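Colleague: Sharing a structure here in structure tokens format.
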Amino acid sequence: MTTIEKKIIDFIVNRRHLLFLAFVILVGAVIRLAGRNFMSADMLYCLRPWFDQIRDSGGLSALSSQVGDYGLLYQTIISLMTYVDVFSAYQYKMLSVAFDVAMAVMVAVIYRDIKLHGLSGKDVGHQVDSDYRKSVLFQSCVVAAVVWLLPTVIVNSAYWGQCDSMYTFFCLATLYWLRKGSFVTAFVFLGLAFSCKLQTIFFVPFIGTYYLVSKRFSVFNVLISVAVLWLSGAVAFAYGRSLLEPWTIYCNQAADYCEMYLNFSSSWVILGNDYSALKWFAILITLSLVVMGAFVCMNNKHFLDEKEDFYCIAAWFVWTMVLFLPSMHDRYAYSLDIMLFLIGFMHRRYLKYAILSMLIGFYHYGYYLIDDRYEEPIVLAAVYLLAYLHFTMTLYKQLKERQPVVGD
């Protein structure tokens with residue numbers, strides 16, 4: 001072996017971790033680049049025509065009226081993008097990919113926080129040596145890389161051109177700062193999440209439960225989120241939009257889809273798609289499950305100090321909302337998948353749920369994007385429901401195992 005060969009091999013071996021991460025990042029980037037010219041039906045018939053309408057109406061001047069079903073924050077961002085002379089589909093996808101990066105980093109930040117400060121919430125950061133810190137840093141980078149490479153994450157942004165990574169990033173940031181006790185910051189991020197997508201509502205039952213159990217912040221903190229949502233329309237207000245528009249847009253969206261499910265393995269696939277007969281029944285079932293979940297949390301208050309339980313319970317509430325509410329679509333489980341992978345990184349017992357949920361979502365993505373049709377097999381819906389029930393039992397058992405024994 002020559003001296004040059006030996007130096008090259010030593011360089012690769014000594015820096016294998018960084019080189020591996022660089023390779024993973026490059027692979028994710030190349031796969032996304034390959035999808036730049038893929039045009040989904042949403043891109044062809046909704047996103048690009050809306051972009052053209054905004055551009056032809058004068059960019060920011062188009063904020064004077066509603067275009068498509070955009071929230072005001074997203075419509076403002078798209079209005080600014082119309083001033084850039086780049087193909088509109090590329091701009092949509094670049095924006096979403098940027099939030100793919102932000103979301104992956106946010107998951108890694110949460111993972112690192114738990115590893116350095118302990119699942120029990122005790123600050124052990126000052127007790128660990130530099131080697132452990134380096135190990136945790138590398139693990140966190142791997143976590144970010146895995147999220148970066150998740151098939152549904154790649155397809156959602158780089159192929160579909162959707163922006164679910166935006167609101168998911170803000171929801172993750174909300175949970176992170178909520179757990180850290182920085183409530184103003186948490187509710188600012190919650191307001192930003194609502195400014196991006198109405199699906200942020202999936203996280204509200206957990207936040208409400210945390211409020212009831214922890215007593216660590218005031219209900220008036222919610223006004224911060226309301227103010228942020230309202231301020232997200234500031235530019236649109238300057239162009240004459242109604243001050244109530246940030247809320248009326250979402251009210252209109254909620255009335256758009258009069259189906260129990262659409263290209264999604266909802267629990268209602270098993271019972272049927274009679275929206276008029278099942279809508280309120282589904283809402284009441286969901287509300288009942290949420291109340292029961294809150295009741296269990298009130299009897300297991302130690303989850304406040306167990307970071308693993310904190311994020312597991314948040315994931316359970318999101319899964320409950322997605323699985324039992326009416327009008328759920330294929331992409332609505334996006335944030336759930338990320339939450340399940342987050343807790344799967346913390347404890348391997350949860351990885352099976354994350355992988356299953358992601359694969360089912362990927363199946364529905366493929367049918368819509370490639371075959372241009374909807375598919376809701378009852379078998380998949382049954383498997384998804386059974387996975388949720390098993391996850392619920394696993395989490396409940398975990399909470400009971402941690403429950404302090406009276407007299408200890």
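Chain labels run A, B, ... following the order of the structure tokens; each chain numbers its residues from 1, and ligands are numbered from 1 in the order shown.
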May I have the residues within 7 Å of Phe170 of chain A as an mmCIF file with C-alpha atoms, in the first residue's frame, using only C-alpha atoms and disregarding those fewer than 6 positions away in the same chain?

Modeller:
```cif
data_model
loop_
_atom_site.group_PDB
_atom_site.id
_atom_site.type_symbol
_atom_site.label_atom_id
_atom_site.label_comp_id
_atom_site.auth_asym_id
_atom_site.auth_seq_id
_atom_site.Cartn_x
_atom_site.Cartn_y
_atom_site.Cartn_z
ATOM 1 C CA PHE A 189 -44.536 29.029 17.570
ATOM 2 C CA LEU A 190 -48.049 27.664 18.012
ATOM 3 C CA LEU A 192 -46.981 30.403 13.497
ATOM 4 C CA ALA A 193 -48.051 26.764 13.115
#
```

Colleague: With the cut-off set at 12 Å and counting only C-alpha atoms, tabulate each residue of segment 103-178 of chain A with an atom at most that distance from an atom of segment 194-201 of chain A, showing the nearest atom pair and its distance in Å to one decimal, ordered by chain and increasing number, as a tab-separated table.

Modeller:
```
residue	atom	partner	partner_atom	distance
A:Gln162	CA	A:Lys197	CA	11.2
A:Cys163	CA	A:Cys196	CA	8.4
A:Asp164	CA	A:Lys197	CA	7.8
A:Ser165	CA	A:Cys196	CA	9.8
A:Met166	CA	A:Cys196	CA	6.8
A:Tyr167	CA	A:Cys196	CA	5.5
A:Thr168	CA	A:Thr200	CA	7.8
A:Phe169	CA	A:Cys196	CA	10.4
A:Phe170	CA	A:Phe194	CA	8.8
A:Cys171	CA	A:Thr200	CA	7.0
A:Leu172	CA	A:Thr200	CA	10.5
A:Thr174	CA	A:Thr200	CA	10.5
A:Leu175	CA	A:Thr200	CA	11.9
```

Colleague: Write a file of the selected residues as a compact mmCIF listing (two decimals), in the first residue's frame, keeping N, CA and C atoms.

Modeller:
```txt
# COMPACT_ATOMS: atom_id res chain seq x y z
N GLN A 162 -45.91 20.01 -1.46
CA GLN A 162 -46.72 20.44 -0.32
C GLN A 162 -45.84 20.98 0.80
N CYS A 163 -46.47 21.62 1.78
CA CYS A 163 -45.69 22.34 2.80
C CYS A 163 -45.99 21.84 4.21
N ASP A 164 -46.24 20.54 4.36
CA ASP A 164 -46.56 20.01 5.69
C ASP A 164 -45.38 20.08 6.65
N SER A 165 -44.17 20.14 6.12
CA SER A 165 -43.00 20.28 6.99
C SER A 165 -42.99 21.63 7.69
N MET A 166 -43.67 22.63 7.12
CA MET A 166 -43.68 23.96 7.73
C MET A 166 -44.43 23.94 9.06
N TYR A 167 -45.69 23.51 9.04
CA TYR A 167 -46.45 23.55 10.28
C TYR A 167 -45.93 22.51 11.27
N THR A 168 -45.40 21.38 10.76
CA THR A 168 -44.85 20.36 11.66
C THR A 168 -43.63 20.89 12.40
N PHE A 169 -42.79 21.63 11.70
CA PHE A 169 -41.63 22.24 12.36
C PHE A 169 -42.08 23.17 13.49
N PHE A 170 -43.05 24.01 13.22
CA PHE A 170 -43.52 24.94 14.24
C PHE A 170 -44.20 24.21 15.41
N CYS A 171 -44.90 23.11 15.12
CA CYS A 171 -45.53 22.33 16.20
C CYS A 171 -44.48 21.67 17.08
N LEU A 172 -43.42 21.13 16.47
CA LEU A 172 -42.33 20.53 17.24
C LEU A 172 -41.66 21.58 18.11
N THR A 174 -43.07 24.22 19.26
CA THR A 174 -44.03 24.52 20.33
C THR A 174 -43.86 23.55 21.47
N LEU A 175 -43.82 22.25 21.17
CA LEU A 175 -43.67 21.24 22.22
C LEU A 175 -42.33 21.37 22.94
```

Colleague: Just the alpha helix (DSSP H) stuff from segment 124-316 of chain A, please, per backbone DSSP, written as a ChimeraX atom specification.

Modeller: /A:130-149,151-154,164-180,183-196,204-214,222-231,234-238,245-254,268-271,275-298,307-316

Colleague: Using only C-alpha atoms, which residues sit within 12 Å of Pro151 of chain A once same-chain residues fewer than 6 positions away are excluded, as a list in words?

Modeller: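 Once the nearby chain positions are removed, what remains is Gly28, Ile31, Arg32, Asp100, Ser157, Ala158, Tyr159, Trp160, Tyr334, Asp337, Ile338, Ile355, Ser357, Met358, Leu359, Ile360, Gly361, Phe362, Tyr363, Tyr365 and Gly366 of chain A.
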
Colleague: With DSSP run on the backbone, what are the strand (DSSP E or B) residues within segment 179-334 of chain A? I'd like them as number ranges by chain.

Modeller: A: 261-262, 328-329

Colleague: Which residue out of A:Pro377, A:Gly344, A:Gly293, A:Gly191 has the minimum interatomic distance to Thr392 of chain A when only C-alpha atoms are used?

Modeller: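 Among the listed residues, A:Gly293 lies closest to Thr392 of chain A.
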
Colleague: Which of these residues is nearest to Val153 of chain A, using only C-alpha atoms: A:Ser335, A:Thr209, A:Ser266, A:Gln66?

Modeller: A:Ser335

Colleague: Find the residues near Leu271 of chain A: any atom within 12 Å, counting only C-alpha atoms, skip ones fewer than 2 places away on the same chain, and give them as a list in words.

Modeller: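 The filter keeps Met260, Tyr261, Ser265, Ser266, Ser267, Trp268, Val269, Asn273, Asp274, Tyr275, Ala277, Leu278, Phe281, Ala282, Phe324, Ile378, Ala381 and Ala382 of chain A.
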
Colleague: Under the rule that only C-alpha atoms are counted, which of A:Ala144, A:Leu73, A:Met298, A:Ile270 is the nearest residue to Leu380 of chain A?

Modeller: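 Looking at the shortest contact to Leu380 of chain A, the residue is A:Ile270.
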
Colleague: Between A:Tyr92, A:Tyr111, A:Phe11, A:Tyr74, which one has atoms that come closest to Met39 of chain A, using only C-alpha atoms?

Modeller: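 Of the candidates, the smallest distance to Met39 of chain A is held by A:Tyr92.
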
Colleague: What lies within 9 Å of Val143 of chain A using only C-alpha atoms, ignoring chain neighbours under 6 positions off, as a ChimeraX atom specification?

Modeller: /A:104-105,107-108,111,342,345

Colleague: Would you export the selected residues with N, CA and C atoms as a PDB file, in the first residue's frame, please?

Modeller:
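Output (again11.pdb):
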```pdb
ATOM      1  N   ALA A 104     -36.018  18.505  10.434  1.00  0.00           N
ATOM      2  CA  ALA A 104     -35.062  17.472  10.810  1.00  0.00           C
ATOM      3  C   ALA A 104     -34.144  17.966  11.928  1.00  0.00           C
ATOM      4  N   VAL A 105     -33.717  19.205  11.823  1.00  0.00           N
ATOM      5  CA  VAL A 105     -32.872  19.789  12.869  1.00  0.00           C
ATOM      6  C   VAL A 105     -33.637  19.901  14.181  1.00  0.00           C
ATOM      7  N   VAL A 107     -36.100  18.002  15.266  1.00  0.00           N
ATOM      8  CA  VAL A 107     -36.190  16.665  15.861  1.00  0.00           C
ATOM      9  C   VAL A 107     -34.864  16.319  16.545  1.00  0.00           C
ATOM     10  N   ALA A 108     -33.758  16.645  15.891  1.00  0.00           N
ATOM     11  CA  ALA A 108     -32.442  16.368  16.469  1.00  0.00           C
ATOM     12  C   ALA A 108     -32.201  17.177  17.741  1.00  0.00           C
ATOM     13  N   TYR A 111     -34.110  15.511  20.509  1.00  0.00           N
ATOM     14  CA  TYR A 111     -33.422  14.276  20.893  1.00  0.00           C
ATOM     15  C   TYR A 111     -32.189  14.582  21.746  1.00  0.00           C
ATOM     16  N   LEU A 342     -39.891  10.445  16.313  1.00  0.00           N
ATOM     17  CA  LEU A 342     -39.213  11.129  17.412  1.00  0.00           C
ATOM     18  C   LEU A 342     -39.174  10.247  18.656  1.00  0.00           C
ATOM     19  N   PHE A 345     -36.972   7.188  18.209  1.00  0.00           N
ATOM     20  CA  PHE A 345     -35.550   7.433  18.433  1.00  0.00           C
ATOM     21  C   PHE A 345     -35.220   7.371  19.925  1.00  0.00           C
TER      22      PHE A 345
END
```

Colleague: Find the residue from A:Val296, A:Leu284, A:Leu356, A:Leu60 that sits nearest to Val213 of chain A; use only C-alpha atoms when measuring.

Modeller: A:Val296

Colleague: Which residue out of A:Asn263, A:Ser64, A:Ser57, A:Ser79 has the minimum interatomic distance to Tyr367 of chain A when only C-alpha atoms are used?

Modeller: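 Among the listed residues, A:Asn263 lies closest to Tyr367 of chain A.
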
Colleague: Excluding Tyr374 of chain A and its own-chain neighbours fewer than 2 positions away, which residues fall within 8 Å of it when counting only C-alpha atoms? Please give them as an NGL selection string.

Modeller: :A and (262-263 or 364 or 367-368 or 372 or 376)

Colleague: Name the residues in contact with Ile283 of chain A at a cut-off of 12 Å, using only C-alpha atoms, excluding same-chain residues fewer than 3 positions from it; report them as an mmCIF file with C-alpha atoms, in the first residue's frame.

Modeller:
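Result written to around.cif:
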```cif
data_model
loop_
_atom_site.group_PDB
_atom_site.id
_atom_site.type_symbol
_atom_site.label_atom_id
_atom_site.label_comp_id
_atom_site.auth_asym_id
_atom_site.auth_seq_id
_atom_site.Cartn_x
_atom_site.Cartn_y
_atom_site.Cartn_z
ATOM 1 C CA MET A 260 -65.400 10.953 6.309
ATOM 2 C CA TRP A 268 -64.108 5.202 9.478
ATOM 3 C CA TYR A 275 -70.563 11.949 6.079
ATOM 4 C CA ALA A 277 -74.794 10.380 9.202
ATOM 5 C CA LEU A 278 -71.368 9.927 10.823
ATOM 6 C CA LYS A 279 -69.844 13.419 11.043
ATOM 7 C CA TRP A 280 -71.057 14.369 14.515
ATOM 8 C CA THR A 286 -62.927 11.827 19.171
ATOM 9 C CA LEU A 287 -63.893 14.257 21.937
ATOM 10 C CA SER A 288 -64.663 11.357 24.286
ATOM 11 C CA LEU A 289 -61.280 9.735 23.633
ATOM 12 C CA VAL A 290 -59.494 13.046 24.163
ATOM 13 C CA THR A 320 -56.322 9.988 18.174
ATOM 14 C CA MET A 321 -57.327 13.148 16.333
ATOM 15 C CA VAL A 322 -56.080 11.924 12.965
ATOM 16 C CA LEU A 323 -57.598 8.459 13.269
ATOM 17 C CA PHE A 324 -61.092 9.357 14.476
ATOM 18 C CA LEU A 325 -61.948 12.839 13.194
ATOM 19 C CA PRO A 326 -63.943 13.073 9.952
ATOM 20 C CA SER A 327 -62.575 14.606 6.725
ATOM 21 C CA MET A 328 -59.055 13.253 7.169
#
```

Colleague: Between atom CA of Val109 of chain A and atom CA of Val204 of chain A, measure the distance and give it in Å to one decimal.

Modeller: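 If I compute the distance from atom CA of Val109 of chain A to atom CA of Val204 of chain A, I get 22.0 Å.
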
Colleague: In Å, how far is it from atom CA of Gly181 of chain A to atom CA of Phe217 of chain A?

Modeller: 8.6 Å
